[in-house]
>>> print(open('structure-v6.cif').read())   # mmCIF, C-alpha atoms
data_run
loop_
_atom_site.label_atom_id
_atom_site.label_comp_id
_atom_site.auth_asym_id
_atom_site.auth_seq_id
_atom_site.Cartn_x
_atom_site.Cartn_y
_atom_site.Cartn_z
CA MET A 1 -18.01 -12.61 11.05
CA ARG A 2 -14.35 -12.12 10.06
CA ARG A 3 -14.75 -14.53 7.15
CA ARG A 4 -17.86 -12.73 5.95
CA GLY A 5 -16.02 -9.38 6.14
CA VAL A 6 -13.13 -10.72 4.06
CA ALA A 7 -15.55 -12.13 1.49
CA THR A 8 -17.38 -8.79 1.24
CA LEU A 9 -14.10 -6.90 0.78
CA ALA A 10 -13.01 -9.38 -1.86
CA LEU A 11 -16.23 -8.98 -3.81
CA LEU A 12 -15.88 -5.20 -3.77
CA ILE A 13 -12.30 -5.46 -5.03
CA LEU A 14 -13.23 -7.87 -7.80
CA ALA A 15 -16.26 -5.83 -8.86
CA THR A 16 -13.87 -2.93 -9.35
CA ALA A 17 -11.46 -5.25 -11.16
CA ALA A 18 -14.20 -6.18 -13.58
CA GLY A 19 -14.74 -2.54 -14.47
CA ARG A 20 -18.37 -2.72 -13.29
CA PRO A 21 -20.24 -0.70 -10.64
CA ASN A 22 -21.07 -2.27 -7.29
CA ASP A 23 -23.97 -1.24 -5.12
CA GLY A 24 -22.15 -2.13 -1.90
CA ASN A 25 -24.44 -5.09 -1.13
CA ALA A 26 -22.43 -8.31 -0.98
CA GLU A 27 -25.57 -10.33 -1.58
CA SER A 28 -25.99 -8.67 -4.99
CA GLN A 29 -22.71 -10.23 -6.14
CA SER A 30 -23.99 -13.78 -6.36
CA PRO A 31 -21.24 -16.44 -6.27
CA VAL A 32 -23.03 -18.32 -9.04
CA ALA A 33 -24.14 -16.92 -12.41
CA ALA A 34 -26.85 -18.25 -14.65
CA GLY A 35 -24.29 -20.00 -16.84
CA PHE A 36 -23.21 -22.43 -14.09
CA VAL A 37 -24.70 -25.25 -12.07
CA GLN A 38 -24.32 -24.16 -8.46
CA ALA A 39 -23.75 -27.58 -6.92
CA LYS A 40 -21.07 -28.42 -9.45
CA LEU A 41 -19.34 -25.05 -9.12
CA GLN A 42 -19.00 -25.57 -5.38
CA ARG A 43 -16.77 -28.55 -6.16
CA VAL A 44 -14.10 -26.05 -7.22
CA GLY A 45 -13.87 -24.70 -3.69
CA ASP A 46 -14.12 -28.17 -2.18
CA TYR A 47 -11.14 -29.28 -4.25
CA ILE A 48 -8.98 -26.33 -3.18
CA ARG A 49 -9.90 -26.81 0.49
CA GLN A 50 -8.87 -30.46 0.21
CA GLU A 51 -5.49 -29.44 -1.23
CA ILE A 52 -4.95 -27.22 1.80
CA ALA A 53 -6.19 -29.82 4.28
CA THR A 54 -3.74 -32.40 2.93
CA GLY A 55 -0.82 -29.97 3.20
CA ARG A 56 -0.09 -29.67 -0.50
CA ILE A 57 -0.63 -25.89 -0.69
CA PRO A 58 -0.81 -23.17 1.99
CA GLY A 59 -3.63 -21.21 0.36
CA ALA A 60 -4.96 -19.84 -2.92
CA VAL A 61 -7.32 -17.36 -4.57
CA ILE A 62 -9.55 -18.16 -7.55
CA LEU A 63 -11.68 -15.94 -9.76
CA ILE A 64 -14.13 -17.12 -12.40
CA GLN A 65 -15.52 -14.10 -14.21
CA GLN A 66 -18.22 -14.24 -16.89
CA HIS A 67 -20.04 -11.47 -18.75
CA GLY A 68 -17.98 -8.90 -16.86
CA HIS A 69 -19.01 -10.06 -13.36
CA PRO A 70 -17.40 -12.36 -10.78
CA VAL A 71 -19.13 -15.75 -10.97
CA TYR A 72 -17.06 -17.43 -8.29
CA PHE A 73 -14.45 -15.75 -6.16
CA GLU A 74 -12.97 -17.05 -2.96
CA ASN A 75 -9.83 -16.90 -0.81
CA PHE A 76 -8.60 -20.11 0.79
CA GLY A 77 -6.11 -20.86 3.55
CA VAL A 78 -3.14 -18.67 4.38
CA ARG A 79 -0.53 -16.69 2.52
CA ASP A 80 2.27 -18.36 4.42
CA VAL A 81 2.14 -21.31 6.81
CA GLU A 82 4.85 -19.71 8.95
CA SER A 83 3.23 -16.28 9.44
CA ARG A 84 -0.35 -17.67 9.29
CA HIS A 85 -1.51 -14.46 7.58
CA PRO A 86 -4.88 -15.30 5.98
CA MET A 87 -5.14 -15.36 2.21
CA THR A 88 -6.91 -12.21 0.99
CA ALA A 89 -7.79 -10.61 -2.33
CA ASP A 90 -4.85 -8.19 -2.09
CA THR A 91 -2.22 -10.91 -1.64
CA ILE A 92 0.83 -10.45 -3.88
CA PHE A 93 2.03 -13.43 -5.93
CA ARG A 94 5.15 -14.16 -7.92
CA LEU A 95 3.82 -14.33 -11.48
CA TYR A 96 6.91 -15.71 -13.22
CA SER A 97 5.84 -16.56 -16.80
CA MET A 98 2.46 -14.86 -16.45
CA SER A 99 4.67 -11.80 -17.02
CA LYS A 100 5.02 -12.86 -20.66
CA PRO A 101 1.48 -11.93 -21.80
CA VAL A 102 1.90 -8.46 -20.25
CA THR A 103 5.17 -7.87 -22.11
CA SER A 104 3.65 -9.25 -25.32
CA VAL A 105 0.69 -6.84 -25.11
CA ALA A 106 3.10 -3.95 -24.51
CA ALA A 107 5.07 -4.91 -27.63
CA MET A 108 1.91 -5.11 -29.73
CA MET A 109 1.07 -1.56 -28.63
CA LEU A 110 4.29 -0.49 -30.35
CA VAL A 111 3.28 -2.50 -33.41
CA GLU A 112 0.03 -0.57 -33.53
CA ASP A 113 1.99 2.66 -33.05
CA GLY A 114 3.90 1.85 -36.24
CA LYS A 115 7.21 1.73 -34.34
CA LEU A 116 7.67 -2.03 -34.54
CA ALA A 117 6.87 -4.70 -37.13
CA LEU A 118 6.54 -8.44 -36.63
CA ASP A 119 8.99 -9.14 -39.46
CA ASP A 120 11.62 -6.72 -38.15
CA PRO A 121 14.93 -8.42 -37.35
CA VAL A 122 15.79 -8.20 -33.66
CA SER A 123 19.22 -6.92 -34.67
CA LYS A 124 17.57 -3.70 -35.89
CA TYR A 125 17.07 -2.82 -32.22
CA ILE A 126 19.80 -4.89 -30.55
CA PRO A 127 22.78 -4.97 -32.98
CA ALA A 128 24.57 -7.69 -30.99
CA PHE A 129 22.09 -10.21 -32.42
CA ALA A 130 23.35 -9.57 -35.95
CA ASP A 131 26.25 -11.97 -35.30
CA VAL A 132 24.42 -14.65 -33.32
CA LYS A 133 25.26 -18.28 -34.15
CA VAL A 134 23.45 -21.61 -33.77
CA GLY A 135 24.90 -24.32 -31.54
CA VAL A 136 25.13 -27.72 -33.25
CA GLU A 137 26.27 -30.85 -31.43
CA LYS A 138 28.89 -32.76 -33.39
CA SER A 139 31.77 -35.08 -32.69
CA ASP A 140 35.36 -33.85 -32.68
CA GLU A 141 38.33 -35.70 -34.23
CA SER A 142 38.51 -38.04 -31.25
CA GLY A 143 34.80 -38.85 -31.43
CA LYS A 144 33.89 -36.86 -28.32
CA PRO A 145 30.77 -34.65 -28.41
CA ALA A 146 31.52 -31.04 -29.23
CA LEU A 147 29.44 -27.92 -29.78
CA ALA A 148 30.02 -26.23 -33.11
CA ARG A 149 28.65 -22.80 -34.02
CA GLU A 150 27.01 -22.29 -37.38
CA PRO A 151 25.58 -19.15 -39.04
CA VAL A 152 21.85 -18.49 -38.86
CA ARG A 153 19.92 -19.11 -42.08
CA ARG A 154 17.77 -16.06 -41.41
CA PRO A 155 17.67 -13.39 -38.70
CA ILE A 156 15.58 -13.69 -35.54
CA THR A 157 12.42 -11.60 -35.96
CA ILE A 158 10.06 -9.91 -33.51
CA GLU A 159 7.45 -12.56 -34.35
CA ASP A 160 9.98 -15.23 -33.33
CA LEU A 161 10.31 -13.58 -29.93
CA LEU A 162 6.53 -13.47 -29.46
CA ARG A 163 5.91 -17.08 -30.47
CA HIS A 164 9.10 -18.64 -28.99
CA THR A 165 10.73 -19.67 -32.27
CA SER A 166 13.84 -17.51 -31.90
CA GLY A 167 16.19 -20.34 -30.92
CA LEU A 168 16.69 -18.74 -27.51
CA THR A 169 16.13 -21.22 -24.70
CA TYR A 170 16.37 -21.54 -20.91
CA GLY A 171 19.16 -23.24 -18.99
CA PHE A 172 17.11 -24.62 -16.09
CA TYR A 173 15.51 -27.58 -17.88
CA GLY A 174 16.78 -30.17 -20.33
CA ASP A 175 20.36 -31.32 -20.79
CA SER A 176 21.31 -30.37 -24.34
CA ALA A 177 24.73 -28.84 -24.90
CA VAL A 178 23.28 -25.37 -25.49
CA ARG A 179 21.05 -25.49 -22.39
CA THR A 180 24.02 -26.66 -20.33
CA LEU A 181 26.05 -23.77 -21.70
CA TYR A 182 23.28 -21.34 -20.68
CA ALA A 183 23.21 -22.81 -17.17
CA ASN A 184 26.98 -22.42 -16.76
CA SER A 185 27.34 -18.97 -18.33
CA ASP A 186 27.64 -15.48 -16.83
CA LEU A 187 24.06 -14.58 -17.83
CA PHE A 188 22.94 -13.78 -14.30
CA ASP A 189 26.13 -12.52 -12.66
CA GLY A 190 25.84 -9.35 -10.60
CA ASP A 191 23.12 -6.71 -10.68
CA PHE A 192 22.54 -6.22 -14.41
CA ASP A 193 19.87 -4.49 -16.46
CA ASN A 194 18.07 -5.53 -19.65
CA ALA A 195 20.74 -4.02 -21.90
CA ALA A 196 23.53 -5.97 -20.20
CA PHE A 197 21.47 -9.16 -20.14
CA THR A 198 20.67 -9.17 -23.86
CA GLY A 199 24.31 -8.38 -24.65
CA ARG A 200 25.37 -11.48 -22.70
CA LEU A 201 22.62 -13.58 -24.27
CA ALA A 202 23.64 -12.61 -27.81
CA ARG A 203 27.12 -14.06 -27.18
CA LEU A 204 25.65 -17.52 -26.53
CA PRO A 205 24.61 -19.83 -29.36
CA LEU A 206 20.98 -20.44 -30.25
CA ALA A 207 19.54 -23.88 -29.57
CA GLU A 208 18.24 -24.17 -33.14
CA GLN A 209 17.76 -22.15 -36.32
CA PRO A 210 15.24 -19.30 -35.97
CA GLY A 211 11.74 -20.23 -37.07
CA THR A 212 12.26 -24.00 -36.93
CA ARG A 213 11.21 -25.12 -33.41
CA TRP A 214 9.09 -23.89 -30.51
CA ASP A 215 11.64 -23.48 -27.73
CA TYR A 216 10.68 -21.96 -24.40
CA GLY A 217 13.27 -19.51 -23.21
CA HIS A 218 14.41 -15.92 -22.91
CA SER A 219 12.60 -14.65 -26.02
CA THR A 220 10.24 -12.43 -24.02
CA ASP A 221 13.14 -10.99 -22.03
CA VAL A 222 14.71 -9.88 -25.31
CA LEU A 223 11.34 -8.47 -26.38
CA GLY A 224 11.37 -6.39 -23.20
CA ARG A 225 14.70 -4.90 -24.21
CA VAL A 226 13.33 -4.11 -27.69
CA ILE A 227 10.51 -2.17 -25.99
CA GLU A 228 13.11 -0.21 -24.04
CA VAL A 229 15.15 0.67 -27.12
CA ILE A 230 12.11 1.89 -29.06
CA SER A 231 10.45 3.77 -26.19
CA GLY A 232 13.55 5.22 -24.56
CA GLN A 233 12.16 4.08 -21.20
CA THR A 234 12.76 1.15 -18.90
CA LEU A 235 10.44 -1.76 -19.55
CA PHE A 236 8.54 -1.03 -16.33
CA GLY A 237 8.40 2.67 -17.14
CA PHE A 238 6.79 1.98 -20.51
CA GLU A 239 4.38 -0.65 -19.19
CA LYS A 240 3.42 1.53 -16.24
CA GLN A 241 2.65 4.51 -18.48
CA ARG A 242 0.86 2.70 -21.31
CA LEU A 243 -0.72 -0.33 -19.65
CA LEU A 244 -0.44 -0.84 -15.89
CA ASP A 245 -1.49 2.57 -14.59
CA PRO A 246 -4.31 3.09 -17.12
CA LEU A 247 -5.68 -0.38 -16.27
CA GLY A 248 -5.40 0.29 -12.54
CA MET A 249 -2.81 -2.48 -12.02
CA THR A 250 -1.21 -0.62 -9.14
CA ASP A 251 0.29 -3.67 -7.40
CA THR A 252 1.94 -5.12 -10.50
CA ALA A 253 5.69 -4.50 -10.73
CA PHE A 254 9.04 -6.27 -10.96
CA TYR A 255 9.47 -6.37 -7.18
CA VAL A 256 7.71 -5.17 -4.05
CA ALA A 257 9.28 -1.73 -3.59
CA ASP A 258 7.61 -0.91 -0.27
CA ALA A 259 8.99 -3.13 2.48
CA ALA A 260 5.83 -2.50 4.51
CA GLN A 261 3.88 -4.42 1.84
CA ARG A 262 6.01 -7.55 2.00
CA PRO A 263 3.74 -9.32 4.52
CA ARG A 264 1.17 -9.39 1.68
CA ILE A 265 3.38 -11.76 -0.34
CA ALA A 266 2.27 -15.38 -0.68
CA GLU A 267 4.86 -18.06 0.02
CA PRO A 268 5.01 -21.76 -0.97
CA MET A 269 5.11 -24.57 1.54
CA PRO A 270 8.56 -24.71 3.19
CA ASP A 271 9.39 -27.96 1.36
CA ASP A 272 8.12 -26.68 -2.00
CA ARG A 273 10.52 -23.84 -2.73
CA PHE A 274 12.98 -23.56 -5.58
CA ALA A 275 16.41 -24.84 -4.66
CA ARG A 276 18.03 -22.57 -7.26
CA PRO A 277 16.99 -19.57 -9.35
CA VAL A 278 14.47 -20.22 -12.13
CA ALA A 279 14.89 -18.33 -15.42
CA GLY A 280 17.54 -16.26 -13.64
CA ILE A 281 15.12 -14.92 -11.02
CA LYS A 282 16.73 -15.37 -7.61
CA ASP A 283 13.81 -13.81 -5.75
CA PRO A 284 11.20 -11.78 -7.61
CA ILE A 285 10.31 -9.75 -4.53
CA LEU A 286 13.78 -8.24 -3.99
CA PRO A 287 14.96 -5.00 -5.68
CA ARG A 288 17.14 -5.52 -8.74
CA ALA A 289 18.02 -3.68 -11.95
CA TRP A 290 16.91 -6.51 -14.26
CA GLU A 291 13.28 -6.19 -15.36
CA SER A 292 12.63 -9.64 -16.77
CA GLY A 293 9.73 -9.32 -19.20
CA GLY A 294 9.54 -13.10 -19.30
CA ALA A 295 9.49 -14.03 -15.63
CA GLY A 296 10.05 -11.12 -13.27
CA MET A 297 6.68 -9.64 -12.34
CA VAL A 298 4.66 -9.79 -9.14
CA GLY A 299 1.01 -8.84 -8.77
CA THR A 300 -2.44 -9.49 -7.35
CA ILE A 301 -5.47 -11.32 -8.68
CA GLY A 302 -7.39 -8.04 -8.87
CA ASP A 303 -4.71 -6.50 -11.08
CA TYR A 304 -4.55 -9.49 -13.39
CA ALA A 305 -8.33 -9.53 -13.60
CA ARG A 306 -8.22 -6.05 -15.12
CA PHE A 307 -5.72 -7.28 -17.69
CA ALA A 308 -7.68 -10.44 -18.49
CA GLN A 309 -10.98 -8.58 -18.83
CA MET A 310 -9.33 -6.17 -21.27
CA LEU A 311 -8.21 -9.15 -23.36
CA LEU A 312 -11.66 -10.74 -23.20
CA ASN A 313 -13.19 -7.41 -24.26
CA ARG A 314 -10.94 -7.54 -27.34
CA GLY A 315 -8.71 -4.69 -26.25
CA THR A 316 -10.92 -2.34 -24.24
CA LEU A 317 -11.81 -1.72 -20.61
CA ASP A 318 -13.84 1.06 -18.99
CA GLY A 319 -14.24 2.85 -22.29
CA ARG A 320 -10.49 2.98 -23.04
CA ARG A 321 -8.94 1.04 -25.91
CA TYR A 322 -5.52 -0.54 -25.39
CA LEU A 323 -5.29 -2.68 -28.54
CA LYS A 324 -7.45 -3.05 -31.62
CA SER A 325 -9.76 -6.08 -31.68
CA GLU A 326 -7.90 -7.26 -34.78
CA THR A 327 -4.64 -7.22 -32.82
CA ILE A 328 -6.11 -9.30 -30.00
CA ALA A 329 -7.44 -11.76 -32.60
CA LEU A 330 -3.98 -11.97 -34.17
CA MET A 331 -2.32 -12.60 -30.82
CA ALA A 332 -4.88 -15.28 -29.92
CA SER A 333 -4.50 -17.23 -33.19
CA ASP A 334 -2.08 -20.09 -33.80
CA HIS A 335 1.21 -18.95 -35.36
CA ILE A 336 2.99 -22.30 -35.31
CA GLY A 337 0.44 -24.57 -37.03
CA PRO A 338 1.34 -27.49 -39.32
CA GLU A 339 1.62 -25.20 -42.34
CA THR A 340 4.59 -23.42 -40.70
CA LYS A 341 6.54 -26.72 -40.30
CA ILE A 342 7.66 -25.49 -36.86
CA ALA A 343 8.69 -28.52 -34.82
CA HIS A 344 7.61 -29.50 -31.30
CA ASP A 345 9.73 -31.57 -28.93
CA GLN A 346 9.23 -33.17 -25.50
CA PHE A 347 9.35 -29.70 -23.95
CA TYR A 348 6.42 -28.37 -25.95
CA PHE A 349 4.55 -27.05 -22.91
CA PRO A 350 1.29 -25.96 -24.62
CA GLY A 351 0.47 -29.65 -25.20
CA ASP A 352 -0.85 -31.66 -28.12
CA THR A 353 -4.19 -29.86 -28.38
CA SER A 354 -2.77 -26.34 -28.52
CA GLY A 355 -0.78 -24.10 -30.78
CA PHE A 356 0.88 -20.86 -29.80
CA GLY A 357 0.04 -17.30 -30.71
CA LEU A 358 1.82 -14.05 -29.94
CA GLY A 359 2.26 -14.45 -26.20
CA PHE A 360 -0.25 -17.20 -25.34
CA ALA A 361 -0.95 -20.87 -25.90
CA VAL A 362 -4.06 -21.22 -28.10
CA ARG A 363 -6.51 -24.14 -27.98
CA THR A 364 -6.76 -25.73 -31.44
CA ALA A 365 -8.47 -29.02 -30.49
CA ALA A 366 -10.48 -30.21 -27.49
CA PRO A 367 -8.72 -32.83 -25.33
CA ALA A 368 -10.42 -36.21 -25.24
CA ASN A 369 -13.56 -36.37 -23.08
CA THR A 370 -13.70 -32.60 -22.53
CA SER A 371 -15.83 -29.73 -23.78
CA TRP A 372 -12.97 -27.24 -23.60
CA PRO A 373 -13.50 -24.56 -26.24
CA LEU A 374 -11.39 -23.95 -29.32
CA GLY A 375 -9.89 -20.49 -29.36
CA GLU A 376 -9.30 -20.38 -25.62
CA TYR A 377 -5.91 -18.79 -24.89
CA ARG A 378 -3.86 -18.96 -21.74
CA TRP A 379 -0.55 -19.17 -19.92
CA ASP A 380 0.77 -19.89 -16.46
CA GLY A 381 3.70 -19.37 -14.11
CA ILE A 382 6.14 -21.90 -12.76
CA ALA A 383 5.16 -21.09 -9.16
CA GLY A 384 1.60 -22.29 -9.84
CA THR A 385 -0.42 -19.29 -11.04
CA PHE A 386 -2.45 -19.66 -14.24
CA PHE A 387 -5.11 -17.90 -16.27
CA PHE A 388 -7.18 -18.59 -19.36
CA VAL A 389 -9.48 -16.50 -21.50
CA ASP A 390 -12.49 -18.23 -23.07
CA PRO A 391 -14.17 -16.02 -25.72
CA ARG A 392 -16.80 -18.67 -26.51
CA ASP A 393 -18.26 -18.52 -23.02
CA ASP A 394 -17.34 -14.84 -22.44
CA MET A 395 -15.31 -15.93 -19.44
CA PHE A 396 -11.87 -15.83 -17.93
CA VAL A 397 -10.39 -17.67 -14.95
CA ILE A 398 -7.42 -16.73 -12.78
CA PHE A 399 -5.95 -18.98 -10.12
CA MET A 400 -3.27 -17.67 -7.80
CA VAL A 401 -1.18 -20.02 -5.70
CA GLN A 402 2.48 -20.54 -4.85
CA ALA A 403 2.96 -24.29 -5.20
CA PRO A 404 5.63 -25.10 -7.82
CA SER A 405 5.51 -28.88 -7.48
CA GLN A 406 1.72 -29.05 -7.69
CA ARG A 407 1.00 -26.66 -10.56
CA GLY A 408 0.22 -28.95 -13.49
CA ARG A 409 -1.94 -31.36 -11.54
CA ILE A 410 -3.99 -28.61 -9.88
CA GLN A 411 -4.45 -26.65 -13.09
CA LEU A 412 -5.84 -29.68 -14.91
CA ALA A 413 -8.16 -30.61 -12.03
CA LEU A 414 -9.57 -27.11 -11.61
CA LYS A 415 -10.13 -26.58 -15.31
CA THR A 416 -11.98 -29.88 -15.52
CA LEU A 417 -14.23 -28.95 -12.58
CA ILE A 418 -14.95 -25.49 -13.98
CA TYR A 419 -16.09 -26.80 -17.37
CA GLN A 420 -18.11 -29.56 -15.73
CA ALA A 421 -19.94 -26.82 -13.84
CA LEU A 422 -20.88 -24.89 -16.99
CA LYS A 423 -24.45 -25.45 -18.13
CA ASP A 424 -24.87 -26.97 -21.59
#
>>> encode(input="structure-v6.cif", output="structure tokens")
Amino acid sequence: MRRRGVATLALLILATAAGRPNDGNAESQSPVAAGFVQAKLQRVGDYIRQEIATGRIPGAVILIQQHGHPVYFENFGVRDVESRHPMTADTIFRLYSMSKPVTSVAAMMLVEDGKLALDDPVSKYIPAFADVKVGVEKSDESGKPALAREPVRRPITIEDLLRHTSGLTYGFYGDSAVRTLYANSDLFDGDFDNAAFTGRLARLPLAEQPGTRWDYGHSTDVLGRVIEVISGQTLFGFEKQRLLDPLGMTDTAFYVADAAQRPRIAEPMPDDRFARPVAGIKDPILPRAWESGGAGMVGTIGDYARFAQMLLNRGTLDGRRYLKSETIALMASDHIGPETKIAHDQFYFPGDTSGFGLGFAVRTAAPANTSWPLGEYRWDGIAGTFFFVDPRDDMFVIFMVQAPSQRGRIQLALKTLIYQALKD
């Protein structure tokens, strides 16, 4: 009976998240829509239950939503193996890089307002970036490796921040001289805000010339500071006013402000927790001044469902428009295709069959032996959460879990099972 009650509550929450009415009858919210083969769709849940049974993850929540209605929604396992609190629809997750699409949408609102342009130099809003240099590895007179600093050939633009071609990187992966310098710098010392952070970042060299290579890093954090400068608000203040509150994303923030709500937070397995801060985030649930637009948010599946449905609806939800359909199309198109001559390296996380738009990876070719649609756009978080929007099938999927070491494997397996369950 308890399980049935949780399932009914979850369906009511997700019906609200979809922006659709609900008649209060759980049976009316069928777990399988006409577009799916029921027996095959059940394999999604079977897979997640097996992951829990084998001790790889403590619990998870998944939502498959098509044509504005939940197709498959279920909670699995527990939030935390130590507390044994059951996983529920209102569980709060560390989103990490799933913060990036939210910040990117907020920036594009300012573009539509006429207050920001994609070809604007970042230094127009953050003057410290006017003097930024590029780090180049050379040999000194004795033949030892040394890091030289060279002028940029062109300024970093807002488009560079959105598509990760700014030259800004992260210091927690790779071993290049610039990444090592990031890792050993004062970037994350003390309790700093976005203004202080971008000032520190501008003193470090870029990993490459702007516009020449896709390099995953602090670009979206800098974009968050640009939003602050233009709006005169904190990043959270602007997003809360223009995006989060209007969408009803009441549990999405940069930390869990109410200590009484902290039992709702999902935790990884005890042996699957980060040994050191990732992207500068020591613990996303604790209060801090820094509002990392690239990695700092926490939220629930219901909140993110509102956001994803707005994207799938090409900028609208519940009769309110957030972005023009043309803007969504621009964001969900490839901005680093072959014609741009933008290079990819071994850390090109979108993968061989995807380009990158303005805040999302964008599917440009179907992987071998799959029916995955072109034009699908997506991103994920390093703790295991992921989402994708599929305009072809009028569908989005959100998976919430805290399992850093398992994220890539699980994401691939679930996506495969979901598309195998779609009817031809």
>>> closest_residue(input="structure-v6.cif", among="A:Val298, A:Val226, A:Ala39, A:Val132", to="Gln402 of chain A", atoms="all atoms listed in the file")
A:Val298
>>> resolve_selection(input="structure-v6.cif", expression="the PyMOL selection byres ((chain A and resi 301-311) around 8)", output="PyMOL selection string")
chain A and resi 13-14+17-19+61+63+68+89-92+247-252+299-300+312-317+322+328+389+396+398-400
>>> write_last_selection(input="structure-v6.cif", atoms="C-alpha atoms", output="compact mmCIF listing (two decimals), in the frame of the given file")
# COMPACT_ATOMS: atom_id res chain seq x y z
CA ILE A 13 -12.30 -5.46 -5.03
CA LEU A 14 -13.23 -7.87 -7.80
CA ALA A 17 -11.46 -5.25 -11.16
CA ALA A 18 -14.20 -6.18 -13.58
CA GLY A 19 -14.74 -2.54 -14.47
CA VAL A 61 -7.32 -17.36 -4.57
CA LEU A 63 -11.68 -15.94 -9.76
CA GLY A 68 -17.98 -8.90 -16.86
CA ALA A 89 -7.79 -10.61 -2.33
CA ASP A 90 -4.85 -8.19 -2.09
CA THR A 91 -2.22 -10.91 -1.64
CA ILE A 92 0.83 -10.45 -3.88
CA LEU A 247 -5.68 -0.38 -16.27
CA GLY A 248 -5.40 0.29 -12.54
CA MET A 249 -2.81 -2.48 -12.02
CA THR A 250 -1.21 -0.62 -9.14
CA ASP A 251 0.29 -3.67 -7.40
CA THR A 252 1.94 -5.12 -10.50
CA GLY A 299 1.01 -8.84 -8.77
CA THR A 300 -2.44 -9.49 -7.35
CA LEU A 312 -11.66 -10.74 -23.20
CA ASN A 313 -13.19 -7.41 -24.26
CA ARG A 314 -10.94 -7.54 -27.34
CA GLY A 315 -8.71 -4.69 -26.25
CA THR A 316 -10.92 -2.34 -24.24
CA LEU A 317 -11.81 -1.72 -20.61
CA TYR A 322 -5.52 -0.54 -25.39
CA ILE A 328 -6.11 -9.30 -30.00
CA VAL A 389 -9.48 -16.50 -21.50
CA PHE A 396 -11.87 -15.83 -17.93
CA ILE A 398 -7.42 -16.73 -12.78
CA PHE A 399 -5.95 -18.98 -10.12
CA MET A 400 -3.27 -17.67 -7.80
>>> residues_near_point(input="structure-v6.cif", point="(14.7, -23.7, -22.8)", cutoff="12 Å", atoms="all atoms listed in the file", output="ChimeraX atom specification")
/A:164-183,206-208,213-219,278-279,345-349
>>> residues_near_point(input="structure-v6.cif", point="(9.7, -2.0, -23.5)", cutoff="9 Å", atoms="all atoms listed in the file", output="list of chain:residue names")
A:Thr103, A:Ala106, A:Ala107, A:Leu110, A:Leu223, A:Gly224, A:Arg225, A:Val226, A:Ile227, A:Glu228, A:Val229, A:Ile230, A:Ser231, A:Gly232, A:Gln233, A:Thr234, A:Leu235, A:Phe236, A:Gly237, A:Phe238, A:Glu239, A:Gly293
>>> residues_around(input="structure-v6.cif", residues="Gly211 of chain A", least_positions_apart="6", cutoff="10 Å", atoms="only C-alpha atoms", output="PyMOL selection string")
chain A and resi 153-157+159-161+163-167+336+340-343
>>> resolve_selection(input="structure-v6.cif", expression="the PyMOL selection byres ((chain A and resi 49) around 12)", output="NGL selection string")
:A and (42-48 or 50-62 or 74-78)
>>> closest_residue(input="structure-v6.cif", among="A:Ile158, A:Val134, A:Ser292, A:Ser371", to="Asp119 of chain A", atoms="all atoms listed in the file")
A:Ile158
>>> residues_around(input="structure-v6.cif", residues="Phe360 of chain A", least_positions_apart="5", cutoff="9 Å", atoms="only C-alpha atoms", output="NGL selection string")
:A and (100-101 or 104 or 162-163 or 331-333 or 350 or 355 or 377-379)
